[in-house]
>>> print(open('run_16.cif').read())   # mmCIF, C-alpha atoms
data_model
loop_
_atom_site.label_atom_id
_atom_site.label_comp_id
_atom_site.auth_asym_id
_atom_site.auth_seq_id
_atom_site.Cartn_x
_atom_site.Cartn_y
_atom_site.Cartn_z
CA MET G 16 39.21 100.13 179.48
CA ASN G 17 35.79 99.00 180.71
CA VAL G 18 33.30 101.74 181.46
CA VAL G 19 29.84 101.46 183.01
CA VAL G 20 27.52 104.40 182.35
CA VAL G 21 24.19 104.86 184.13
CA GLY G 22 21.63 107.23 182.65
CA GLY G 23 20.25 108.22 179.30
CA GLU G 24 19.28 110.85 176.81
CA LYS G 25 21.72 112.87 174.76
CA LEU G 26 24.40 113.23 177.42
CA VAL G 27 24.86 109.50 177.82
CA TYR G 28 24.46 108.90 174.09
CA PHE G 29 27.20 111.36 173.13
CA LEU G 30 29.52 110.38 175.97
CA THR G 31 29.17 106.71 175.07
CA ARG G 32 29.98 107.54 171.44
CA ILE G 33 33.13 109.36 172.55
CA PHE G 34 34.13 106.43 174.79
CA ILE G 35 33.54 103.93 171.98
CA SER G 36 35.60 106.02 169.56
CA LYS G 37 38.48 105.83 172.05
CA GLY G 38 38.18 102.03 171.97
CA TYR G 39 36.61 101.60 175.41
CA HIS G 40 34.18 98.80 176.17
CA VAL G 41 31.02 100.47 177.38
CA ALA G 42 27.95 99.14 179.17
CA VAL G 43 25.01 101.50 179.54
CA ILE G 44 22.33 100.98 182.19
CA ASN G 45 18.98 102.64 181.63
CA ARG G 46 15.64 101.95 183.29
CA ASP G 47 13.44 102.80 180.30
CA ALA G 48 12.76 99.98 177.82
CA ASP G 49 12.12 102.26 174.84
CA GLU G 50 15.27 104.24 175.43
CA CYS G 51 17.27 101.03 175.81
CA ARG G 52 16.00 99.93 172.43
CA ARG G 53 17.00 103.25 170.84
CA LEU G 54 20.44 103.19 172.46
CA ALA G 55 20.99 99.56 171.43
CA LYS G 56 20.28 100.48 167.80
CA ALA G 57 22.52 103.55 167.79
CA LEU G 58 25.50 102.41 169.87
CA ARG G 59 27.98 99.57 169.76
CA ALA G 60 27.71 99.14 173.50
CA ARG G 61 26.07 96.69 175.86
CA ILE G 62 22.74 98.12 176.95
CA ILE G 63 21.22 96.84 180.18
CA LEU G 64 17.62 97.56 181.12
CA GLY G 65 17.26 98.18 184.84
CA ASP G 66 17.87 100.32 187.89
CA GLY G 67 21.56 101.27 188.02
CA SER G 68 21.47 101.64 191.79
CA ASN G 69 20.55 97.97 192.11
CA PRO G 70 23.74 95.97 192.81
CA ARG G 71 22.53 93.04 190.73
CA ILE G 72 22.08 95.24 187.67
CA LEU G 73 25.50 96.82 188.19
CA GLU G 74 26.99 93.35 188.40
CA GLU G 75 25.24 92.35 185.19
CA ALA G 76 26.79 95.40 183.52
CA GLY G 77 30.22 94.14 184.53
CA ALA G 78 30.85 96.41 187.51
CA ASN G 79 33.20 93.81 188.99
CA ALA G 80 35.64 94.29 186.13
CA ALA G 81 34.96 97.97 185.41
CA ASP G 82 37.76 100.54 185.34
CA ALA G 83 35.38 103.48 185.54
CA LEU G 84 31.78 104.18 186.50
CA LEU G 85 29.80 107.23 185.47
CA ALA G 86 26.51 108.00 187.24
CA ALA G 87 24.66 110.49 185.07
CA THR G 88 20.97 110.21 185.90
CA HIS G 89 18.77 113.24 186.55
CA HIS G 90 18.49 112.37 190.23
CA ASP G 91 21.33 113.29 192.57
CA GLN G 92 20.28 110.70 195.15
CA ASP G 93 20.56 107.94 192.54
CA ASN G 94 23.96 109.17 191.34
CA LEU G 95 25.19 109.26 194.94
CA VAL G 96 24.12 105.69 195.73
CA ILE G 97 25.41 104.39 192.37
CA CYS G 98 28.87 105.86 193.05
CA GLN G 99 28.92 104.62 196.64
CA LEU G 100 28.03 101.10 195.47
CA GLY G 101 30.69 101.37 192.77
CA VAL G 102 33.39 102.22 195.29
CA ARG G 103 32.34 100.14 198.30
CA LYS G 104 30.82 97.04 196.76
CA PHE G 105 32.57 96.76 193.40
CA HIS G 106 35.84 98.58 194.14
CA ILE G 107 35.79 100.44 190.84
CA PRO G 108 38.92 102.65 190.74
CA ARG G 109 37.28 105.67 189.14
CA THR G 110 33.72 106.81 189.79
CA LEU G 111 32.18 110.04 188.62
CA ALA G 112 28.79 111.52 189.54
CA LEU G 113 26.71 114.09 187.71
CA ILE G 114 25.32 116.68 190.08
CA ASN G 115 22.06 118.28 189.04
CA ASP G 116 21.61 120.60 192.01
CA PRO G 117 24.86 122.63 192.30
CA GLU G 118 24.31 122.97 196.06
CA ASN G 119 24.85 119.24 196.36
CA GLU G 120 28.53 119.56 195.44
CA PRO G 121 29.74 120.16 199.03
CA VAL G 122 27.23 117.54 200.21
CA PHE G 123 28.70 114.89 197.91
CA ALA G 124 32.20 115.88 199.01
CA ALA G 125 31.20 115.46 202.67
CA LEU G 126 29.86 112.01 201.85
CA GLY G 127 33.09 110.93 200.18
CA VAL G 128 32.04 111.22 196.54
CA THR G 129 34.62 113.71 195.34
CA SER G 130 34.68 113.19 191.58
CA VAL G 131 31.66 115.12 190.43
CA PHE G 132 30.67 117.34 187.56
CA SER G 133 27.99 119.97 187.74
CA ALA G 134 26.82 121.32 184.38
CA THR G 135 24.97 124.18 186.01
CA LYS G 136 28.14 125.30 187.75
CA ILE G 137 30.25 125.09 184.61
CA LEU G 138 27.83 127.41 182.82
CA ALA G 139 27.75 129.82 185.75
CA ASN G 140 31.57 129.95 185.69
CA LEU G 141 31.51 130.77 182.00
CA ILE G 142 29.25 133.72 182.54
CA GLU G 143 31.67 134.98 185.18
CA GLN G 144 34.61 134.71 182.79
CA LYS G 145 33.05 137.37 180.53
CA THR G 146 35.04 136.47 177.48
CA GLY G 147 33.87 138.48 174.48
CA TYR G 148 30.26 137.51 174.85
CA GLU G 149 29.04 140.38 172.73
CA SER G 150 30.28 138.38 169.70
CA ILE G 151 28.01 135.45 170.50
CA VAL G 152 25.02 135.50 168.20
CA ASN G 153 23.44 132.27 169.30
CA LEU G 154 24.09 129.64 171.92
CA ILE G 155 22.31 126.32 172.12
CA PRO G 156 23.00 124.25 175.20
CA ILE G 157 22.25 120.62 174.47
CA GLU G 158 21.02 118.44 177.34
CA GLU G 159 21.20 121.15 180.00
CA GLY G 160 24.44 122.52 178.62
CA LYS G 161 26.53 119.38 178.56
CA LEU G 162 27.38 120.10 174.93
CA ILE G 163 27.22 123.57 173.45
CA VAL G 164 26.58 124.79 169.93
CA VAL G 165 27.67 128.41 169.73
CA GLU G 166 27.38 130.85 166.85
CA THR G 167 29.84 133.75 166.80
CA ILE G 168 30.35 136.62 164.38
CA LEU G 169 33.88 137.67 163.43
CA GLU G 170 34.41 141.38 164.04
CA GLY G 171 37.40 143.50 163.08
CA THR G 172 39.11 142.69 166.39
CA SER G 173 39.10 138.93 165.86
CA PRO G 174 42.59 137.42 165.91
CA VAL G 175 41.62 134.72 163.41
CA LEU G 176 40.72 136.99 160.46
CA ASN G 177 42.40 135.94 157.20
CA ARG G 178 43.76 132.81 158.76
CA SER G 179 42.98 129.32 157.57
CA LEU G 180 41.25 126.88 159.90
CA ARG G 181 44.19 124.50 160.09
CA ASP G 182 46.23 127.28 161.72
CA ILE G 183 43.69 127.92 164.47
CA ARG G 184 44.30 126.00 167.66
CA LEU G 185 41.04 125.17 169.42
CA PRO G 186 40.73 123.02 172.52
CA GLU G 187 40.47 119.29 171.88
CA ASN G 188 36.90 118.09 171.32
CA SER G 189 35.92 121.46 169.85
CA LEU G 190 34.97 121.79 166.21
CA ILE G 191 34.07 124.59 163.81
CA ALA G 192 31.20 122.79 162.16
CA GLY G 193 29.96 125.47 159.77
CA VAL G 194 30.65 128.94 158.38
CA LEU G 195 27.99 131.35 157.12
CA ARG G 196 29.42 133.96 154.74
CA SER G 197 26.99 136.58 153.41
CA GLY G 198 24.18 134.16 154.20
CA GLN G 199 25.79 131.32 152.25
CA PRO G 200 26.73 128.17 154.18
CA ILE G 201 30.26 126.87 153.73
CA VAL G 202 31.35 123.45 154.93
CA PRO G 203 34.70 124.33 156.49
CA ARG G 204 37.90 122.54 155.56
CA GLY G 205 41.44 122.99 156.80
CA GLY G 206 42.15 125.44 154.00
CA THR G 207 39.06 127.62 154.57
CA VAL G 208 40.19 131.21 155.25
CA LEU G 209 38.06 133.20 157.70
CA LYS G 210 36.79 136.65 156.69
CA LEU G 211 35.35 139.67 158.45
CA GLY G 212 31.64 139.15 159.15
CA ASP G 213 31.79 135.34 158.94
CA ARG G 214 29.45 133.60 161.32
CA LEU G 215 31.01 130.49 162.79
CA ILE G 216 29.00 127.60 164.19
CA THR G 217 31.17 125.83 166.73
CA ILE G 218 30.47 122.73 168.80
CA CYS G 219 32.32 122.41 172.08
CA GLN G 220 32.11 121.18 175.64
CA PRO G 221 30.99 123.75 178.20
CA GLU G 222 34.30 123.79 180.08
CA ASP G 223 36.10 124.71 176.84
CA MET G 224 33.67 127.37 175.71
CA GLY G 225 35.53 130.30 177.28
CA GLN G 226 38.73 129.27 175.51
CA VAL G 227 36.90 128.74 172.19
CA ILE G 228 35.30 132.18 172.30
CA LYS G 229 38.57 133.82 173.28
CA THR G 230 40.41 132.15 170.40
CA LEU G 231 37.83 133.14 167.83
CA THR G 232 36.84 136.62 168.88
CA GLY G 233 39.79 137.89 170.93
CA MET W 18 14.12 106.32 224.73
CA PRO W 19 13.40 106.98 228.42
CA ARG W 20 9.81 107.86 229.07
CA LYS W 21 9.42 111.44 230.17
CA LYS W 22 12.05 113.03 227.95
CA SER W 23 10.79 114.80 224.83
CA TYR W 24 12.83 114.55 221.66
CA PHE W 25 12.96 116.65 218.52
CA ILE W 26 12.48 114.19 215.66
CA ILE W 27 12.38 114.86 211.91
CA ILE W 28 10.43 112.42 209.77
CA VAL W 29 10.99 112.59 206.02
CA GLY W 30 8.23 111.10 203.89
CA CYS W 31 4.65 111.18 205.09
CA GLY W 32 3.50 107.91 203.57
CA ARG W 33 1.89 105.08 205.52
CA LEU W 34 5.00 104.51 207.65
CA GLY W 35 6.02 108.16 208.03
CA GLY W 36 2.50 109.32 208.80
CA PHE W 37 1.88 106.54 211.31
CA LEU W 38 5.18 107.21 213.06
CA ALA W 39 4.53 110.95 213.13
CA ASN W 40 1.10 110.51 214.73
CA ARG W 41 2.40 108.04 217.28
CA LEU W 42 5.52 109.99 218.27
CA SER W 43 3.58 113.23 218.44
CA ARG W 44 1.07 111.60 220.74
CA GLY W 45 4.00 110.36 222.82
CA GLY W 46 4.92 113.97 223.56
CA HIS W 47 7.81 114.46 221.13
CA SER W 48 8.36 117.49 218.91
CA ILE W 49 7.93 116.34 215.33
CA VAL W 50 8.67 117.92 211.96
CA VAL W 51 7.33 116.00 208.97
CA ILE W 52 8.72 116.73 205.50
CA ASP W 53 7.08 115.56 202.29
CA ASN W 54 7.22 116.92 198.77
CA LYS W 55 3.46 116.54 198.37
CA MET W 56 1.08 118.61 200.48
CA ALA W 57 -1.63 115.96 200.10
CA ALA W 58 0.52 113.45 202.01
CA PHE W 59 -0.14 115.38 205.23
CA ASP W 60 -3.79 114.25 205.08
CA LYS W 61 -2.55 111.09 206.81
CA LEU W 62 -1.73 113.06 209.96
CA SER W 63 -4.39 112.80 212.64
CA SER W 64 -6.22 115.81 214.02
CA ASP W 65 -4.29 115.71 217.30
CA PHE W 66 -0.88 115.81 215.52
CA SER W 67 0.85 118.77 217.10
CA GLY W 68 4.07 118.93 215.05
CA PHE W 69 5.12 120.93 212.02
CA LYS W 70 4.70 120.09 208.34
CA ILE W 71 7.14 121.20 205.67
CA GLU W 72 6.44 120.76 201.96
CA GLY W 73 9.68 120.22 200.10
CA ASP W 74 12.26 117.84 198.66
CA ALA W 75 14.50 116.76 201.52
CA THR W 76 17.30 115.70 199.16
CA GLU W 77 17.93 119.46 198.93
CA ALA W 78 20.06 120.40 201.91
CA ALA W 79 18.23 123.74 202.19
CA VAL W 80 14.98 121.96 202.99
CA LEU W 81 16.61 120.01 205.82
CA GLU W 82 18.19 123.20 207.11
CA ASN W 83 14.82 124.87 207.11
CA ALA W 84 13.54 122.02 209.29
CA ARG W 85 16.36 122.84 211.79
CA VAL W 86 17.98 119.48 211.25
CA ASP W 87 21.09 120.70 213.09
CA LYS W 88 19.00 120.75 216.28
CA ALA W 89 17.33 117.37 215.76
CA ASP W 90 17.83 114.45 218.15
CA ALA W 91 16.83 111.97 215.50
CA LEU W 92 15.88 111.73 211.83
CA ILE W 93 13.88 109.01 210.13
CA ALA W 94 14.10 108.82 206.32
CA ALA W 95 10.99 107.02 205.11
CA THR W 96 10.22 108.28 201.61
CA ARG W 97 9.19 105.74 198.98
CA GLU W 98 12.64 105.92 197.35
CA ASP W 99 15.52 103.89 198.79
CA ASN W 100 18.18 106.15 197.30
CA ALA W 101 16.54 109.32 198.58
CA ASN W 102 16.37 107.80 202.07
CA LEU W 103 20.02 106.78 201.97
CA MET W 104 21.10 110.24 200.79
CA ILE W 105 18.95 112.12 203.33
CA ALA W 106 20.16 109.90 206.17
CA GLN W 107 23.80 110.42 205.20
CA VAL W 108 23.39 114.18 204.90
CA ALA W 109 21.70 114.33 208.32
CA ARG W 110 24.44 112.21 209.89
CA LYS W 111 27.60 113.49 208.20
CA VAL W 112 26.78 117.07 207.26
CA PHE W 113 24.48 118.10 210.10
CA GLY W 114 25.72 115.70 212.79
CA VAL W 115 22.37 114.26 213.85
CA SER W 116 23.22 111.48 216.31
CA LYS W 117 20.38 109.03 215.62
CA VAL W 118 19.57 108.51 211.96
CA VAL W 119 17.74 105.66 210.32
CA ALA W 120 16.79 105.02 206.69
CA ARG W 121 14.04 102.76 205.50
CA VAL W 122 15.40 100.68 202.60
CA PHE W 123 13.31 98.12 200.71
CA ASP W 124 16.14 96.49 198.76
CA PRO W 125 18.28 94.40 201.16
CA SER W 126 21.17 94.19 198.68
CA ARG W 127 21.50 97.96 198.81
CA GLU W 128 21.48 97.97 202.59
CA GLU W 129 24.79 96.35 203.44
CA ILE W 130 27.29 99.01 202.35
CA TYR W 131 25.60 101.60 204.55
CA GLN W 132 26.32 99.77 207.77
CA ASP W 133 30.01 100.48 207.08
CA LEU W 134 29.12 104.13 206.62
CA GLY W 135 27.46 104.37 210.04
CA ILE W 136 23.93 104.67 208.70
CA ASP W 137 21.31 102.49 210.37
CA THR W 138 18.80 100.97 208.02
CA ILE W 139 15.48 99.24 208.50
CA CYS W 140 14.52 96.88 205.73
CA PRO W 141 10.81 95.92 205.82
CA THR W 142 11.48 93.18 203.27
CA THR W 143 14.01 91.44 205.53
CA ILE W 144 11.90 91.92 208.65
CA ALA W 145 8.76 90.53 207.01
CA THR W 146 10.72 87.62 205.51
CA GLU W 147 12.16 86.68 208.89
CA GLU W 148 8.76 86.98 210.56
CA PHE W 149 7.18 84.68 207.98
CA ILE W 150 9.97 82.14 208.35
CA ARG W 151 9.69 82.22 212.13
CA TYR W 152 5.94 81.82 211.89
CA LEU W 153 6.32 78.82 209.62
CA ALA W 154 9.04 77.31 211.82
CA ASP W 155 6.87 77.72 214.95
CA GLY W 156 4.05 75.95 213.14
CA GLU W 157 6.32 73.04 212.31
CA GLU W 158 7.57 72.68 215.87
CA GLN W 159 4.03 72.61 217.24
CA ASN W 160 3.07 69.93 214.75
CA GLU W 161 5.91 67.70 215.81
CA PRO W 162 4.71 64.73 217.87
#
>>> encode(input="run_16.cif", output="structure tokens")
Amino acid sequence: MNVVVVGGEKLVYFLTRIFISKGYHVAVINRDADECRRLAKALRARIILGDGSNPRILEEAGANAADALLAATHHDQDNLVICQLGVRKFHIPRTLALINDPENEPVFAALGVTSVFSATKILANLIEQKTGYESIVNLIPIEEGKLIVVETILEGTSPVLNRSLRDIRLPENSLIAGVLRSGQPIVPRGGTVLKLGDRLITICQPEDMGQVIKTLTG
Amino acid sequence: MPRKKSYFIIIVGCGRLGGFLANRLSRGGHSIVVIDNKMAAFDKLSSDFSGFKIEGDATEAAVLENARVDKADALIAATREDNANLMIAQVARKVFGVSKVVARVFDPSREEIYQDLGIDTICPTTIATEEFIRYLADGEEQNEP
């Protein structure tokens, strides 16, 4: 699978890492020379310096042979044009646009760009779900909430008390990365048994957070 | 446009082109709303400009709505950014149903796909190139014996 990603910063960095780990061939387009240098050092991907809404740059990134295109810049107008070029000029079968202003979602739909993701909206939905949020001690959205580090405390009502981690089914791409027990950090393993008062540091994607919290705190 | 009729025209981007157009169309008796995200840009409007100025980012649909885009006869997208112009023009055409919409686009390679989408574009790069070539060709013809 050949994927072209336009954008930068942590979102694109982490997404590209996930794509690479799945064995995809990834080309990243970014218009900042310094960031391109950093990405080139950190990722086994082709990094192209330039404007991703320029057809020549897209072509250089292999848009003609791409299976998927992800437009994830901070500017909705750029993401719109990138996706429209991807579909109309390069006939890429799957294009996906990041929407920064949630009000642009119906606008993009009206303009024929239907595969979109809006981080702001995902977070707003989570708040509406009201799943045991009193157990959340700390929540760090990374890159405007595209990845979430959440710290929860296990109360008496938690369904995972006295169970080992390997028996707890969390959504894919979620991970209990650390446990704090009486102030002592524990690096969790499959056999780690959770106790009352444990503080769990979990990394997950925003769309899975409701499910993660529900699983851990009931 | 026939002479006496007055049109309601929205101009997005009050740069050299947007400002010049706004002054000229306003003088021609049309109702003009100019949108720019920088207040200072409106300094380019002449003292006899009789239209409205709105400070805001026209890639946000709410800003266009505020300018009464649904009532506009025409919209000209002339910000400095090609992609912003293409998005604003499409929103005006497809979401708000403005009948005459044109986007200024500097990069000719970006222009072509929008003709299929029913968005008219004006590319100063192409126009200037063609003018230069015609000028040079005319010169050659005159020099021929």
>>> atom_distance(input="run_16.cif", atom1="atom CA of W:Gly46", atom2="atom CA of W:Lys22")
8.4 Å
>>> closest_atom_pairs(input="run_16.cif", of="chain G", to="chain W", cutoff="8 Å", atoms="all atoms listed in the file", output="JSON lines")
{"residue": "G:Ser68", "atom": "CA", "partner": "W:Asn100", "partner_atom": "CA", "distance": 7.8}
{"residue": "G:Asn69", "atom": "CA", "partner": "W:Arg127", "partner_atom": "CA", "distance": 6.8}
{"residue": "G:Pro70", "atom": "CA", "partner": "W:Ser126", "partner_atom": "CA", "distance": 6.7}
{"residue": "G:Gln92", "atom": "CA", "partner": "W:Ala101", "partner_atom": "CA", "distance": 5.3}
{"residue": "G:Asp93", "atom": "CA", "partner": "W:Asn100", "partner_atom": "CA", "distance": 5.6}
{"residue": "G:Leu95", "atom": "CA", "partner": "W:Met104", "partner_atom": "CA", "distance": 7.2}
{"residue": "G:Val96", "atom": "CA", "partner": "W:Asn100", "partner_atom": "CA", "distance": 6.2}
{"residue": "G:Leu100", "atom": "CA", "partner": "W:Ile130", "partner_atom": "CA", "distance": 7.2}
{"residue": "G:Arg103", "atom": "CA", "partner": "W:Ile130", "partner_atom": "CA", "distance": 6.6}
{"residue": "G:Lys104", "atom": "CA", "partner": "W:Ile130", "partner_atom": "CA", "distance": 6.9}
{"residue": "G:Asp116", "atom": "CA", "partner": "W:Glu77", "partner_atom": "CA", "distance": 7.9}
{"residue": "G:Glu118", "atom": "CA", "partner": "W:Ala78", "partner_atom": "CA", "distance": 7.7}
{"residue": "G:Asn119", "atom": "CA", "partner": "W:Glu77", "partner_atom": "CA", "distance": 7.4}
{"residue": "G:Val122", "atom": "CA", "partner": "W:Val108", "partner_atom": "CA", "distance": 6.9}
{"residue": "G:Ala125", "atom": "CA", "partner": "W:Val112", "partner_atom": "CA", "distance": 6.6}
{"residue": "G:Leu126", "atom": "CA", "partner": "W:Lys111", "partner_atom": "CA", "distance": 6.9}
>>> atom_distance(input="run_16.cif", atom1="atom CA of W:Lys61", atom2="atom CA of W:Tyr24")
21.7 Å
>>> resolve_selection(input="run_16.cif", expression="the PyMOL selection byres ((chain G and resi 204-216) around 6)", output="tab-separated table (two decimals) with C-alpha atoms, keeping the file's coordinate frame")
chain	number	residue	atom	x	y	z
G	165	VAL	CA	27.67	128.41	169.73
G	166	GLU	CA	27.38	130.85	166.85
G	167	THR	CA	29.84	133.75	166.80
G	168	ILE	CA	30.35	136.62	164.38
G	169	LEU	CA	33.88	137.67	163.43
G	170	GLU	CA	34.41	141.38	164.04
G	176	LEU	CA	40.72	136.99	160.46
G	177	ASN	CA	42.40	135.94	157.20
G	178	ARG	CA	43.76	132.81	158.76
G	179	SER	CA	42.98	129.32	157.57
G	180	LEU	CA	41.25	126.88	159.90
G	181	ARG	CA	44.19	124.50	160.09
G	191	ILE	CA	34.07	124.59	163.81
G	192	ALA	CA	31.20	122.79	162.16
G	193	GLY	CA	29.96	125.47	159.77
G	194	VAL	CA	30.65	128.94	158.38
G	195	LEU	CA	27.99	131.35	157.12
G	196	ARG	CA	29.42	133.96	154.74
G	203	PRO	CA	34.70	124.33	156.49
G	217	THR	CA	31.17	125.83	166.73
>>> residues_around(input="run_16.cif", residues="W:Ala58", least_positions_apart="5", cutoff="7 Å", atoms="all atoms listed in the file", output="CSV table (one decimal) with C-alpha atoms, in the coordinates of the input")
chain,number,residue,atom,x,y,z
W,31,CYS,CA,4.6,111.2,205.1
W,32,GLY,CA,3.5,107.9,203.6
W,53,ASP,CA,7.1,115.6,202.3
>>> resolve_selection(input="run_16.cif", expression="the PyMOL selection byres ((chain W and resi 41) around 12)", output="number ranges by chain")
W: 26, 28, 34-40, 42-49, 61-63, 65-68
>>> residues_near_point(input="run_16.cif", point="(38.1, 127.8, 174.3)", cutoff="10 Å", atoms="all atoms listed in the file", output="MDAnalysis selection string")
chainID G and resid 146 184:187 189 219:231
>>> resolve_selection(input="run_16.cif", expression="the PyMOL selection byres ((chain G and resi 64) around 9)", output="list of chain:residue names")
G:Val43, G:Ile44, G:Asn45, G:Arg46, G:Asp47, G:Ala48, G:Cys51, G:Ile62, G:Ile63, G:Gly65, G:Asp66, G:Gly67, G:Ile72
>>> closest_residue(input="run_16.cif", among="W:Ile150, W:Ala57, W:Ile52, W:Arg121", to="W:Asn83", atoms="only C-alpha atoms")
W:Ile52
>>> closest_residue(input="run_16.cif", among="W:Arg97, W:Thr143, W:Leu92, W:Asp155", to="W:Val118", atoms="all atoms listed in the file")
W:Leu92
>>> atom_distance(input="run_16.cif", atom1="atom CA of G:His106", atom2="atom CA of W:Cys140")
24.3 Å
>>> residues_around(input="run_16.cif", residues="G:Phe29", least_positions_apart="5", cutoff="12 Å", atoms="all atoms listed in the file", output="PyMOL selection string")
chain G and resi 20+22-24+34-36+43+54+57-58+157-158+161-162+188+220
>>> write_last_selection(input="run_16.cif", atoms="C-alpha atoms", output="compact mmCIF listing (two decimals), in the frame of the given file")
# COMPACT_ATOMS: atom_id res chain seq x y z
CA VAL G 20 27.52 104.40 182.35
CA GLY G 22 21.63 107.23 182.65
CA GLY G 23 20.25 108.22 179.30
CA GLU G 24 19.28 110.85 176.81
CA PHE G 34 34.13 106.43 174.79
CA ILE G 35 33.54 103.93 171.98
CA SER G 36 35.60 106.02 169.56
CA VAL G 43 25.01 101.50 179.54
CA LEU G 54 20.44 103.19 172.46
CA ALA G 57 22.52 103.55 167.79
CA LEU G 58 25.50 102.41 169.87
CA ILE G 157 22.25 120.62 174.47
CA GLU G 158 21.02 118.44 177.34
CA LYS G 161 26.53 119.38 178.56
CA LEU G 162 27.38 120.10 174.93
CA ASN G 188 36.90 118.09 171.32
CA GLN G 220 32.11 121.18 175.64
>>> residues_around(input="run_16.cif", residues="W:Lys55", least_positions_apart="3", cutoff="12 Å", atoms="all atoms listed in the file", output="list in words")
Val29, Gly30, Cys31, Gly32, Val51, Ile52, Ala58, Phe59, Asp60, Lys61, Lys70, Ile71, Glu72, Gly73, Asp74, Ala75 and Thr96 of chain W
>>> closest_residue(input="run_16.cif", among="G:Arg53, G:Lys25, G:Arg109, G:Arg61", to="G:Gly77", atoms="only C-alpha atoms")
G:Arg61
>>> decode(input="run_16.cif", residues="stretch 38-50 of chain G", atoms="N, CA and C atoms", output="PDB file, in the first residue's frame")
ATOM      1  N   GLY G  38       3.717  -1.830   7.326  1.00  0.00           N
ATOM      2  CA  GLY G  38       4.379  -2.223   6.083  1.00  0.00           C
ATOM      3  C   GLY G  38       4.013  -1.365   4.882  1.00  0.00           C
ATOM      4  N   TYR G  39       3.368  -0.214   5.109  1.00  0.00           N
ATOM      5  CA  TYR G  39       3.019   0.660   3.997  1.00  0.00           C
ATOM      6  C   TYR G  39       4.245   1.445   3.532  1.00  0.00           C
ATOM      7  N   HIS G  40       4.220   1.827   2.258  1.00  0.00           N
ATOM      8  CA  HIS G  40       5.231   2.755   1.760  1.00  0.00           C
ATOM      9  C   HIS G  40       4.667   4.163   1.889  1.00  0.00           C
ATOM     10  N   VAL G  41       5.370   4.997   2.622  1.00  0.00           N
ATOM     11  CA  VAL G  41       4.824   6.315   2.924  1.00  0.00           C
ATOM     12  C   VAL G  41       5.706   7.409   2.346  1.00  0.00           C
ATOM     13  N   ALA G  42       5.062   8.416   1.746  1.00  0.00           N
ATOM     14  CA  ALA G  42       5.754   9.639   1.351  1.00  0.00           C
ATOM     15  C   ALA G  42       5.104  10.783   2.114  1.00  0.00           C
ATOM     16  N   VAL G  43       5.927  11.601   2.755  1.00  0.00           N
ATOM     17  CA  VAL G  43       5.403  12.731   3.524  1.00  0.00           C
ATOM     18  C   VAL G  43       5.794  14.022   2.814  1.00  0.00           C
ATOM     19  N   ILE G  44       4.815  14.904   2.608  1.00  0.00           N
ATOM     20  CA  ILE G  44       5.100  16.216   2.020  1.00  0.00           C
ATOM     21  C   ILE G  44       4.971  17.267   3.109  1.00  0.00           C
ATOM     22  N   ASN G  45       5.996  18.082   3.241  1.00  0.00           N
ATOM     23  CA  ASN G  45       5.970  19.146   4.242  1.00  0.00           C
ATOM     24  C   ASN G  45       6.678  20.358   3.659  1.00  0.00           C
ATOM     25  N   ARG G  46       6.172  21.560   3.973  1.00  0.00           N
ATOM     26  CA  ARG G  46       6.734  22.747   3.307  1.00  0.00           C
ATOM     27  C   ARG G  46       7.840  23.419   4.120  1.00  0.00           C
ATOM     28  N   ASP G  47       8.192  22.835   5.280  1.00  0.00           N
ATOM     29  CA  ASP G  47       9.215  23.447   6.115  1.00  0.00           C
ATOM     30  C   ASP G  47      10.501  22.626   6.061  1.00  0.00           C
ATOM     31  N   ALA G  48      11.602  23.260   5.666  1.00  0.00           N
ATOM     32  CA  ALA G  48      12.856  22.527   5.446  1.00  0.00           C
ATOM     33  C   ALA G  48      13.364  21.877   6.733  1.00  0.00           C
ATOM     34  N   ASP G  49      13.299  22.620   7.853  1.00  0.00           N
ATOM     35  CA  ASP G  49      13.792  22.064   9.111  1.00  0.00           C
ATOM     36  C   ASP G  49      12.983  20.845   9.528  1.00  0.00           C
ATOM     37  N   GLU G  50      11.670  20.960   9.382  1.00  0.00           N
ATOM     38  CA  GLU G  50      10.829  19.841   9.781  1.00  0.00           C
ATOM     39  C   GLU G  50      11.072  18.635   8.878  1.00  0.00           C
TER      40      GLU G  50
END
